[in-house]
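> To be precise about what I am sending: the file is called entry-v5.txt and holds compact mmCIF, C-alpha atoms and all ligand atoms.
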# COMPACT_ATOMS: atom_id res chain seq x y z
CA MET A 7 87.60 66.05 197.78
CA ASP A 8 91.38 65.64 197.69
CA ARG A 9 93.89 68.24 196.60
CA ARG A 10 94.35 66.78 193.09
CA ASN A 11 90.62 66.69 192.42
CA PHE A 12 90.28 70.22 193.73
CA LEU A 13 92.97 71.41 191.35
CA ALA A 14 91.47 69.45 188.46
CA LEU A 15 88.10 71.11 189.02
CA GLY A 16 89.69 74.51 189.25
CA GLY A 17 88.60 77.81 190.85
CA LEU A 18 84.89 78.47 190.91
CA ALA A 19 83.72 74.95 190.05
CA ALA A 20 85.87 73.60 192.86
CA MET A 21 84.48 76.09 195.31
CA GLN A 22 80.94 75.15 194.35
CA ALA A 23 81.75 71.47 194.83
CA VAL A 24 83.34 72.30 198.17
CA LYS A 25 79.99 73.75 199.28
CA ALA A 26 78.67 70.17 199.41
CA ALA A 27 81.55 68.95 201.59
CA THR A 28 81.58 68.76 205.39
CA PRO A 29 82.86 71.91 207.16
CA ALA A 30 86.20 70.26 207.93
CA GLN A 31 86.73 69.06 204.34
CA LYS A 32 85.56 72.42 203.06
CA SER A 33 88.02 74.29 205.16
CA ALA A 34 90.95 72.01 204.31
CA ALA A 35 90.25 72.00 200.59
CA THR A 36 89.74 75.70 200.15
CA GLN A 37 92.24 77.08 202.61
CA ASN A 38 95.01 75.00 201.07
CA GLN A 39 94.20 76.44 197.70
CA LEU A 40 93.89 80.19 198.16
CA ILE A 41 97.23 81.89 197.58
CA THR A 42 98.53 83.43 200.80
CA ARG A 43 101.12 86.17 201.21
CA ARG A 44 103.33 87.08 204.15
CA ILE A 45 102.87 90.33 206.07
CA PRO A 46 106.51 91.45 206.23
CA SER A 47 106.35 93.17 209.64
CA SER A 48 105.03 90.07 211.44
CA GLY A 49 105.41 87.02 209.21
CA GLU A 50 101.64 86.35 209.48
CA MET A 51 100.17 84.81 206.31
CA LEU A 52 97.14 86.44 204.69
CA PRO A 53 94.85 85.08 201.94
CA ALA A 54 95.73 87.20 198.89
CA VAL A 55 92.15 87.99 197.77
CA GLY A 56 90.09 90.10 200.17
CA LEU A 57 86.84 92.03 199.91
CA GLY A 58 86.13 95.75 199.48
CA THR A 59 82.91 97.25 200.83
CA SER A 60 82.68 100.73 199.31
CA GLY A 61 79.44 100.77 197.30
CA PRO A 62 77.98 97.26 197.61
CA PHE A 63 77.90 97.26 201.45
CA GLU A 64 76.46 100.76 201.74
CA VAL A 65 72.87 99.59 202.06
CA GLY A 66 69.98 100.30 204.41
CA GLY A 67 68.58 98.21 207.24
CA ASP A 68 66.04 96.26 205.15
CA GLU A 69 66.48 92.49 204.87
CA GLU A 70 66.05 92.61 201.09
CA SER A 71 69.27 94.64 200.63
CA ARG A 72 71.21 92.80 203.32
CA ALA A 73 70.38 89.17 202.44
CA PRO A 74 72.67 89.00 199.34
CA LEU A 75 75.52 90.48 201.39
CA ARG A 76 75.08 87.79 204.06
CA GLU A 77 75.55 85.22 201.27
CA VAL A 78 78.61 87.09 199.95
CA LEU A 79 80.18 86.91 203.42
CA ARG A 80 79.30 83.23 203.76
CA ALA A 81 80.92 82.38 200.41
CA PHE A 82 83.93 84.54 201.24
CA PHE A 83 84.71 82.89 204.58
CA ASP A 84 83.78 79.39 203.36
CA ALA A 85 86.45 79.78 200.68
CA GLY A 86 89.03 80.53 203.37
CA SER A 87 89.46 84.25 202.86
CA THR A 88 89.59 86.76 205.71
CA LEU A 89 90.47 90.38 204.88
CA ILE A 90 87.58 92.86 204.58
CA ASP A 91 88.35 96.51 203.88
CA THR A 92 85.91 99.19 205.03
CA SER A 93 85.81 102.76 206.35
CA PRO A 94 83.63 105.22 208.27
CA MET A 95 83.56 107.08 204.93
CA TYR A 96 81.43 104.27 203.42
CA SER A 97 78.15 105.40 205.03
CA THR A 98 76.47 102.25 206.47
CA ALA A 99 79.14 99.67 205.50
CA GLU A 100 80.69 99.23 208.97
CA ALA A 101 77.26 98.89 210.61
CA VAL A 102 76.12 96.41 207.93
CA LEU A 103 79.24 94.29 208.48
CA GLY A 104 78.72 94.40 212.25
CA LYS A 105 75.16 93.25 211.82
CA LEU A 106 75.86 90.48 209.28
CA LEU A 107 79.11 88.89 210.45
CA THR A 108 78.41 85.77 212.51
CA SER A 109 80.50 85.12 215.62
CA GLU A 110 82.38 82.41 213.72
CA GLN A 111 83.14 84.87 210.90
CA GLN A 112 84.12 87.58 213.40
CA ALA A 113 86.69 85.20 214.86
CA LYS A 114 88.24 84.56 211.43
CA ALA A 115 87.96 88.10 210.03
CA PHE A 116 90.93 90.33 209.36
CA ILE A 117 89.15 93.68 209.51
CA ALA A 118 90.86 96.63 207.84
CA THR A 119 89.07 99.88 208.56
CA LYS A 120 90.14 103.50 208.53
CA VAL A 121 90.16 106.82 210.33
CA TRP A 122 88.92 109.76 208.27
CA THR A 123 88.44 113.23 209.78
CA PRO A 124 88.26 115.88 207.02
CA GLY A 125 87.80 119.46 208.26
CA SER A 126 88.50 118.64 211.91
CA GLY A 127 91.41 121.10 212.24
CA GLY A 128 93.16 120.97 215.64
CA ALA A 129 90.52 118.57 216.97
CA ALA A 130 91.51 115.82 214.50
CA GLU A 131 93.28 113.65 217.08
CA GLN A 132 90.32 113.48 219.48
CA LYS A 133 87.80 113.20 216.61
CA GLY A 134 89.86 110.32 215.24
CA ILE A 135 89.87 108.50 218.58
CA GLU A 136 86.09 108.84 218.88
CA GLN A 137 85.60 107.73 215.29
CA MET A 138 87.78 104.63 215.69
CA GLN A 139 85.95 103.66 218.88
CA ARG A 140 82.66 104.05 217.03
CA SER A 141 83.93 101.92 214.10
CA MET A 142 84.92 99.11 216.44
CA ALA A 143 81.51 99.27 218.14
CA LEU A 144 79.63 99.29 214.81
CA LEU A 145 81.75 96.45 213.47
CA LYS A 146 81.34 94.57 216.79
CA HIS A 147 85.05 93.87 216.41
CA PRO A 148 86.82 95.23 219.50
CA ARG A 149 90.33 94.59 218.20
CA VAL A 150 90.56 95.69 214.58
CA GLU A 151 93.42 93.97 212.77
CA LEU A 152 94.40 96.93 210.57
CA MET A 153 93.66 100.63 211.13
CA GLN A 154 94.53 102.87 208.19
CA VAL A 155 94.63 106.64 207.77
CA HIS A 156 92.12 107.18 204.95
CA ASN A 157 93.49 109.20 202.04
CA LEU A 158 96.27 110.50 204.35
CA VAL A 159 93.81 112.97 205.94
CA ASP A 160 95.25 114.43 209.21
CA LEU A 161 98.04 111.86 208.99
CA ASP A 162 100.34 113.15 211.74
CA ALA A 163 97.51 113.55 214.28
CA HIS A 164 96.31 109.98 213.72
CA LEU A 165 99.68 108.22 213.45
CA LYS A 166 100.43 109.17 217.06
CA THR A 167 97.22 107.48 218.24
CA LEU A 168 97.71 104.47 215.98
CA ARG A 169 101.21 103.87 217.34
CA ARG A 170 99.94 104.08 220.91
CA TRP A 171 96.98 101.78 220.22
CA LYS A 172 99.28 99.26 218.53
CA GLU A 173 101.59 99.24 221.57
CA GLU A 174 98.57 98.75 223.82
CA GLY A 175 97.38 95.83 221.65
CA ARG A 176 94.13 97.57 220.66
CA ILE A 177 95.00 97.22 216.96
CA LYS A 178 97.38 94.78 215.33
CA TYR A 179 98.71 96.71 212.34
CA ILE A 180 98.77 100.33 211.14
CA GLY A 181 98.67 101.69 207.61
CA VAL A 182 97.78 104.49 205.21
CA THR A 183 95.62 104.54 202.08
CA HIS A 184 95.00 106.43 198.87
CA TYR A 185 93.45 105.68 195.51
CA THR A 186 95.16 107.99 192.98
CA THR A 187 98.52 107.82 191.23
CA SER A 188 99.11 111.49 192.16
CA SER A 189 99.34 110.40 195.83
CA TYR A 190 102.30 108.05 195.20
CA PRO A 191 105.03 110.62 196.04
CA ASP A 192 103.34 111.24 199.42
CA LEU A 193 102.90 107.51 200.05
CA MET A 194 106.57 106.89 199.26
CA ASP A 195 107.59 109.72 201.55
CA ILE A 196 105.64 108.15 204.41
CA ILE A 197 107.09 104.70 203.76
CA GLU A 198 110.61 106.21 203.89
CA ARG A 199 109.88 108.29 207.00
CA GLU A 200 107.49 106.28 209.20
CA LYS A 201 107.27 102.73 210.45
CA ILE A 202 103.99 101.40 209.06
CA ASP A 203 102.85 97.83 208.42
CA PHE A 204 100.56 98.35 205.41
CA VAL A 205 100.04 100.75 202.54
CA GLN A 206 96.90 100.64 200.39
CA PHE A 207 96.78 102.12 196.89
CA ASN A 208 95.39 101.66 193.36
CA TYR A 209 97.01 99.28 190.89
CA SER A 210 95.51 97.48 187.90
CA ALA A 211 96.30 96.11 184.45
CA GLY A 212 95.07 99.47 183.13
CA THR A 213 96.98 101.70 185.59
CA ARG A 214 100.48 100.34 186.15
CA GLU A 215 102.23 103.42 187.55
CA ALA A 216 102.81 101.65 190.91
CA GLU A 217 105.19 99.19 189.20
CA LYS A 218 107.75 101.94 188.61
CA ARG A 219 108.66 102.94 192.17
CA LEU A 220 105.93 102.36 194.74
CA LEU A 221 105.65 98.56 194.63
CA PRO A 222 109.45 98.07 194.56
CA LEU A 223 109.80 100.46 197.53
CA CYS A 224 107.18 98.51 199.52
CA ALA A 225 109.07 95.28 198.83
CA ASP A 226 112.37 96.90 199.76
CA ARG A 227 111.07 98.41 203.02
CA GLY A 228 109.04 95.36 204.05
CA VAL A 229 105.63 97.05 203.90
CA ALA A 230 102.55 94.94 203.09
CA THR A 231 100.35 96.19 200.23
CA LEU A 232 96.56 96.24 199.85
CA ILE A 233 95.47 96.92 196.28
CA ASN A 234 92.28 98.86 195.62
CA ARG A 235 90.55 99.62 192.29
CA ALA A 236 91.89 96.45 190.60
CA PHE A 237 88.88 96.74 188.25
CA GLU A 238 89.07 100.56 188.25
CA ASP A 239 85.66 100.60 189.90
CA GLY A 240 84.33 98.29 187.17
CA ASN A 241 85.60 100.40 184.23
CA LEU A 242 88.05 97.72 183.08
CA PHE A 243 85.08 95.50 182.20
CA SER A 244 83.75 98.13 179.78
CA ARG A 245 87.10 98.10 177.98
CA VAL A 246 86.72 94.40 177.12
CA GLN A 247 82.95 94.39 176.74
CA GLY A 248 81.67 91.87 174.20
CA ARG A 249 85.05 90.16 173.93
CA PRO A 250 85.41 86.55 175.09
CA VAL A 251 88.14 85.74 177.59
CA PRO A 252 91.17 84.97 175.38
CA ALA A 253 92.39 81.38 175.09
CA TRP A 254 95.84 82.38 176.43
CA ALA A 255 94.22 83.34 179.77
CA GLY A 256 93.43 79.64 180.24
CA GLU A 257 97.18 78.97 180.40
CA PHE A 258 97.22 80.64 183.83
CA GLY A 259 93.79 79.37 184.85
CA ALA A 260 91.71 82.56 184.33
CA LYS A 261 88.11 81.73 183.39
CA SER A 262 86.70 85.26 183.39
CA TRP A 263 87.91 88.80 182.73
CA ALA A 264 87.71 89.45 186.48
CA GLN A 265 90.15 86.60 187.07
CA VAL A 266 92.43 87.90 184.30
CA PHE A 267 92.56 91.34 185.97
CA LEU A 268 93.00 90.01 189.52
CA LYS A 269 95.61 87.42 188.56
CA PHE A 270 97.51 90.21 186.77
CA VAL A 271 97.66 92.16 190.07
CA LEU A 272 98.47 89.11 192.19
CA ALA A 273 101.34 88.17 189.90
CA HIS A 274 103.29 91.18 191.16
CA PRO A 275 105.49 89.83 193.98
CA ALA A 276 105.09 92.98 196.12
CA VAL A 277 101.29 92.60 196.26
CA THR A 278 100.05 91.21 199.56
CA CYS A 279 96.27 91.30 199.04
CA VAL A 280 93.84 92.66 196.45
CA ILE A 281 90.44 93.89 197.70
CA PRO A 282 87.82 93.87 194.89
CA ALA A 283 84.41 95.17 195.98
CA THR A 284 81.26 93.22 195.23
CA GLY A 285 77.80 92.61 196.61
CA LYS A 286 77.13 89.53 194.47
CA VAL A 287 77.83 85.90 195.38
CA ARG A 288 78.70 84.91 191.82
CA ASN A 289 81.23 87.75 191.63
CA VAL A 290 82.85 87.07 195.00
CA LEU A 291 83.30 83.41 193.98
CA ASP A 292 84.68 84.55 190.64
CA ASN A 293 87.12 86.89 192.40
CA LEU A 294 88.21 84.26 194.91
CA GLY A 295 88.82 81.90 191.99
CA ALA A 296 91.59 84.28 190.90
CA GLY A 297 93.42 83.43 194.10
CA VAL A 298 93.60 79.75 193.18
CA GLY A 299 96.25 78.09 191.00
CA ALA A 300 98.67 79.68 188.51
CA LEU A 301 99.48 83.33 187.97
CA PRO A 302 100.58 84.95 184.70
CA ASP A 303 104.28 85.18 183.88
CA ALA A 304 105.89 88.29 182.36
CA LYS A 305 104.83 87.41 178.79
CA GLN A 306 101.26 86.66 179.83
CA ARG A 307 101.08 89.88 181.89
CA ALA A 308 102.09 91.78 178.74
CA GLN A 309 99.23 90.04 176.90
CA VAL A 310 96.78 91.28 179.58
CA VAL A 311 98.05 94.84 179.15
CA ALA A 312 97.83 94.56 175.34
CA ALA A 313 94.23 93.32 175.60
CA LEU A 314 93.30 96.66 177.19
CA ALA A 315 95.12 98.81 174.59
N1 LIG A 401 91.12 105.67 199.58
C1 LIG A 401 90.83 104.43 199.88
O1 LIG A 401 91.17 103.96 200.95
C2 LIG A 401 90.10 103.58 198.89
C3 LIG A 401 89.74 104.10 197.63
C4 LIG A 401 89.10 103.25 196.73
C5 LIG A 401 88.81 101.94 197.09
N2 LIG A 401 89.13 101.49 198.34
C6 LIG A 401 88.81 100.11 198.76
O2 LIG A 401 89.03 99.23 197.68
C7 LIG A 401 87.83 98.53 197.36
C8 LIG A 401 87.77 98.22 195.88
O3 LIG A 401 87.84 99.38 195.07
P1 LIG A 401 86.60 99.95 194.27
O4 LIG A 401 85.38 99.70 195.10
O5 LIG A 401 86.94 101.34 193.89
O6 LIG A 401 86.45 99.17 192.94
P2 LIG A 401 86.85 97.79 192.20
O7 LIG A 401 87.04 96.70 193.17
O8 LIG A 401 87.92 98.14 191.23
O9 LIG A 401 85.51 97.55 191.35
C9 LIG A 401 84.30 97.28 191.95
C10 LIG A 401 83.26 97.07 190.85
O10 LIG A 401 83.55 95.88 190.13
C11 LIG A 401 82.38 95.05 190.08
N3 LIG A 401 82.81 93.66 190.21
C12 LIG A 401 83.39 93.06 191.28
N4 LIG A 401 83.69 91.78 191.02
C13 LIG A 401 83.27 91.54 189.75
C14 LIG A 401 83.31 90.40 188.91
N5 LIG A 401 83.84 89.25 189.31
N6 LIG A 401 82.77 90.50 187.64
C15 LIG A 401 82.22 91.68 187.23
N7 LIG A 401 82.16 92.82 187.97
C16 LIG A 401 82.69 92.74 189.23
C17 LIG A 401 81.52 95.48 191.25
O11 LIG A 401 80.15 95.33 190.95
P3 LIG A 401 79.20 94.26 191.71
O12 LIG A 401 78.95 94.79 193.09
O13 LIG A 401 78.03 94.28 190.82
O14 LIG A 401 79.91 92.95 191.71
C18 LIG A 401 81.86 96.96 191.39
O15 LIG A 401 81.05 97.74 190.53
C19 LIG A 401 86.74 99.47 197.89
O16 LIG A 401 85.50 98.83 198.07
C20 LIG A 401 87.35 99.94 199.18
O17 LIG A 401 87.20 98.95 200.19
C21 LIG A 401 89.79 102.27 199.23
Do you think you could lay out the structure here as structure tokens?
Ligand SMILES: NC(=O)c1ccc[n+]([C@@H]2O[C@H](COP(=O)([O-])OP(=O)(O)OC[C@H]3O[C@@H](n4cnc5c(N)ncnc54)[C@H](OP(=O)(O)O)[C@@H]3O)[C@@H](O)[C@H]2O)c1


Amino acid sequence: MDRRNFLALGGLAAMQAVKAATPAQKSAATQNQLITRRIPSSGEMLPAVGLGTSGPFEVGGDEESRAPLREVLRAFFDAGSTLIDTSPMYSTAEAVLGKLLTSEQQAKAFIATKVWTPGSGGAAEQKGIEQMQRSMALLKHPRVELMQVHNLVDLDAHLKTLRRWKEEGRIKYIGVTHYTTSSYPDLMDIIEREKIDFVQFNYSAGTREAEKRLLPLCADRGVATLINRAFEDGNLFSRVQGRPVPAWAGEFGAKSWAQVFLKFVLAHPAVTCVIPATGKVRNVLDNLGAGVGALPDAKQRAQVVAALA
């Protein structure tokens, strides 16, 4: 399938057609199509739609629960995407990923995990080191691409280790995360004060606070952004329940509400990668379809916001 045919088919349909192609054709067709964004601190390009694991990947060891996730990972990597966000906070998610990722997928994966040590007091630094070593072992990914301080817990203790590990080449990038708008002043403080590669926070068509100061600051300081809660944990779908996707969404290639919401986020120039969580193949393909083709302009973004009013 050539580039023009791929574009003509559009998003999900194209990806399904690509499934029938040879691996080489598949890779060329899909990887050329997913929007990529530059990580400012290195210049490395990253596919702009990743995968979150909180919830859907927190399953047990039975094959029945894991089989759909294996298919989600297959579809995700086949489409040319790479970034998977996880955390030791997400119960079994790291172990499930470690078990399911094939060696080929491991080689392509950009793994973003976290260090999270609530209640560790003065022992936070050592607890963090042990936890990160355990994460890498569970993930079977000895050099994690991005290590983030989860919800800023014990930040100063962990940043010291993260800097050292980055210098030693044990991790590639360092970052911090949160998921509430009330954390933005702290996140901005850290961006001003510390040298970090990534910051992860919440941003969606329904919660646009990050547009005011946080996203512009990230752009200004050259910090890559990972966007969580782009669907507000699924709540945005309830706000449009029973309503068909508006005709105007077709102007920027959105075929589902999920694509409307993700394309809204991706249209912000300071967004590096959005990480919707799903455990369903049809939804991961839907979400990846948002990373193909056009993005809404200012007028169309206002229409998305108005649709949620
Ligand atoms: N502090 C932190 O560091 C922090 C906090 C929050 C989140 N995160 C990260 O960000 C990721 C995403 O955030 P989130 O999990 O809060 O929620 P989210 O991505 O806003 O929403 C996930 C929900 O949307 C549904 N969904 C996904 N794709 C869909 C589609 N195409 N159509 C319809 N429904 C769809 C999922 O259900 P199905 O499984 O049924 O598809 C799930 O219920 C997390 O998994 C985690 O990796 C980090």

> Give the residues close to ligand LIG 401 (chain A), within 8 Å, counting all atoms listed in the file; write them as a tab-separated table (two decimals) with C-alpha atoms, in the coordinates of the input.


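Written out: pocket-v9.tsv:
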chain	number	residue	atom	x	y	z
A	57	LEU	CA	86.84	92.03	199.91
A	58	GLY	CA	86.13	95.75	199.48
A	59	THR	CA	82.91	97.25	200.83
A	60	SER	CA	82.68	100.73	199.31
A	61	GLY	CA	79.44	100.77	197.30
A	62	PRO	CA	77.98	97.26	197.61
A	90	ILE	CA	87.58	92.86	204.58
A	91	ASP	CA	88.35	96.51	203.88
A	92	THR	CA	85.91	99.19	205.03
A	93	SER	CA	85.81	102.76	206.35
A	120	LYS	CA	90.14	103.50	208.53
A	156	HIS	CA	92.12	107.18	204.95
A	157	ASN	CA	93.49	109.20	202.04
A	182	VAL	CA	97.78	104.49	205.21
A	183	THR	CA	95.62	104.54	202.08
A	184	HIS	CA	95.00	106.43	198.87
A	185	TYR	CA	93.45	105.68	195.51
A	206	GLN	CA	96.90	100.64	200.39
A	207	PHE	CA	96.78	102.12	196.89
A	208	ASN	CA	95.39	101.66	193.36
A	233	ILE	CA	95.47	96.92	196.28
A	234	ASN	CA	92.28	98.86	195.62
A	235	ARG	CA	90.55	99.62	192.29
A	236	ALA	CA	91.89	96.45	190.60
A	237	PHE	CA	88.88	96.74	188.25
A	238	GLU	CA	89.07	100.56	188.25
A	239	ASP	CA	85.66	100.60	189.90
A	240	GLY	CA	84.33	98.29	187.17
A	241	ASN	CA	85.60	100.40	184.23
A	243	PHE	CA	85.08	95.50	182.20
A	262	SER	CA	86.70	85.26	183.39
A	263	TRP	CA	87.91	88.80	182.73
A	264	ALA	CA	87.71	89.45	186.48
A	265	GLN	CA	90.15	86.60	187.07
A	281	ILE	CA	90.44	93.89	197.70
A	282	PRO	CA	87.82	93.87	194.89
A	283	ALA	CA	84.41	95.17	195.98
A	284	THR	CA	81.26	93.22	195.23
A	285	GLY	CA	77.80	92.61	196.61
A	286	LYS	CA	77.13	89.53	194.47
A	288	ARG	CA	78.70	84.91	191.82
A	289	ASN	CA	81.23	87.75	191.63
A	290	VAL	CA	82.85	87.07	195.00
A	291	LEU	CA	83.30	83.41	193.98
A	292	ASP	CA	84.68	84.55	190.64
A	293	ASN	CA	87.12	86.89	192.40

> Set the distance at 7 Å and use only C-alpha atoms: which residues neighbour region 159-161 of chain A once local chain neighbours fewer than 5 positions away are removed? I'd like the list as a list in words.

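Once the adjacent positions are removed, what remains is Trp122, Thr123, Pro124 and Ala130 of chain A.
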
> At a cut-off of 12 Å, using all atoms listed in the file, what residues contact Gly256 (chain A)? Leave out same-chain residues fewer than 5 positions from it and give the result as a PyMOL selection string.

chain A and resi 16-17+250-251+261-263+265-266+269+296+299-302+306

> Would you mind listing what lies within 9 Å of region 203-205 of chain A as a count of residues only, with only C-alpha atoms counted and same-chain residues fewer than 5 positions away left out?

21

> Any idea what's packed within 8 Å of Phe270 (chain A), counting all atoms listed in the file, ignoring anything in its chain fewer than 3 positions away? Could you give it as a PyMOL selection string?

chain A and resi 210-211+266-267+273-274+301-302+307+310

> Please return, as a compact mmCIF listing (two decimals) with C-alpha atoms, keeping the file's coordinate frame, all polymer residues that have at least one atom within 8 Å of the point (97.6, 89.2, 205.0); use all atoms listed in the file and the file's own coordinate frame.


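Below you can see point.txt, which holds the result:
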# COMPACT_ATOMS: atom_id res chain seq x y z
CA THR A 42 98.53 83.43 200.80
CA ARG A 43 101.12 86.17 201.21
CA ARG A 44 103.33 87.08 204.15
CA ILE A 45 102.87 90.33 206.07
CA GLU A 50 101.64 86.35 209.48
CA MET A 51 100.17 84.81 206.31
CA LEU A 52 97.14 86.44 204.69
CA PRO A 53 94.85 85.08 201.94
CA ALA A 54 95.73 87.20 198.89
CA LEU A 89 90.47 90.38 204.88
CA ALA A 230 102.55 94.94 203.09
CA THR A 278 100.05 91.21 199.56
CA CYS A 279 96.27 91.30 199.04

> Work out how far apart CA of Leu158 (chain A) and CA of Pro275 (chain A) are and give it in Å to one decimal.

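Taking CA of Leu158 (chain A) and CA of Pro275 (chain A), their separation equals 24.9 Å.
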
> For a cut-off of 10 Å around (104.7, 108.6, 211.9), file coordinates, pick out all residues using all atoms listed in the file and list them as number ranges by chain.

A: 161-169, 196-197, 199-202

> Save the residues we just selected, C-alpha atoms, as a tab-separated table (two decimals), in the coordinates of the input?


chain	number	residue	atom	x	y	z
A	161	LEU	CA	98.04	111.86	208.99
A	162	ASP	CA	100.34	113.15	211.74
A	163	ALA	CA	97.51	113.55	214.28
A	164	HIS	CA	96.31	109.98	213.72
A	165	LEU	CA	99.68	108.22	213.45
A	166	LYS	CA	100.43	109.17	217.06
A	167	THR	CA	97.22	107.48	218.24
A	168	LEU	CA	97.71	104.47	215.98
A	169	ARG	CA	101.21	103.87	217.34
A	196	ILE	CA	105.64	108.15	204.41
A	197	ILE	CA	107.09	104.70	203.76
A	199	ARG	CA	109.88	108.29	207.00
A	200	GLU	CA	107.49	106.28	209.20
A	201	LYS	CA	107.27	102.73	210.45
A	202	ILE	CA	103.99	101.40	209.06

> At what distance in Å, to one decimal, does CA of Ala81 (chain A) lie from CA of Glu110 (chain A)?

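For CA of Glu110 (chain A) relative to CA of Ala81 (chain A), the distance reads 13.4 Å.
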
> Separation of CA of Gln112 (chain A) and CA of Ala85 (chain A), in Å?

15.1 Å

> So which one's closest to Lys146 (chain A), A:Glu217, A:Glu77, A:Asp192, A:Glu100? Using only C-alpha atoms, please.

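Of all the options, A:Glu100 lies closest to Lys146 (chain A).
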
> Pick the closest to Ala99 (chain A) from A:Tyr190, A:Phe63, A:Phe83, A:Phe116: which is it, counting only C-alpha atoms?

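Result for the nearest residue to Ala99 (chain A): A:Phe63.
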
> Do you know which residues are at most 9 Å from Ala313 (chain A) counting all atoms listed in the file, after dropping those on the same chain fewer than 5 positions away, and could you put them as number ranges by chain?

A: 245-246, 252, 308
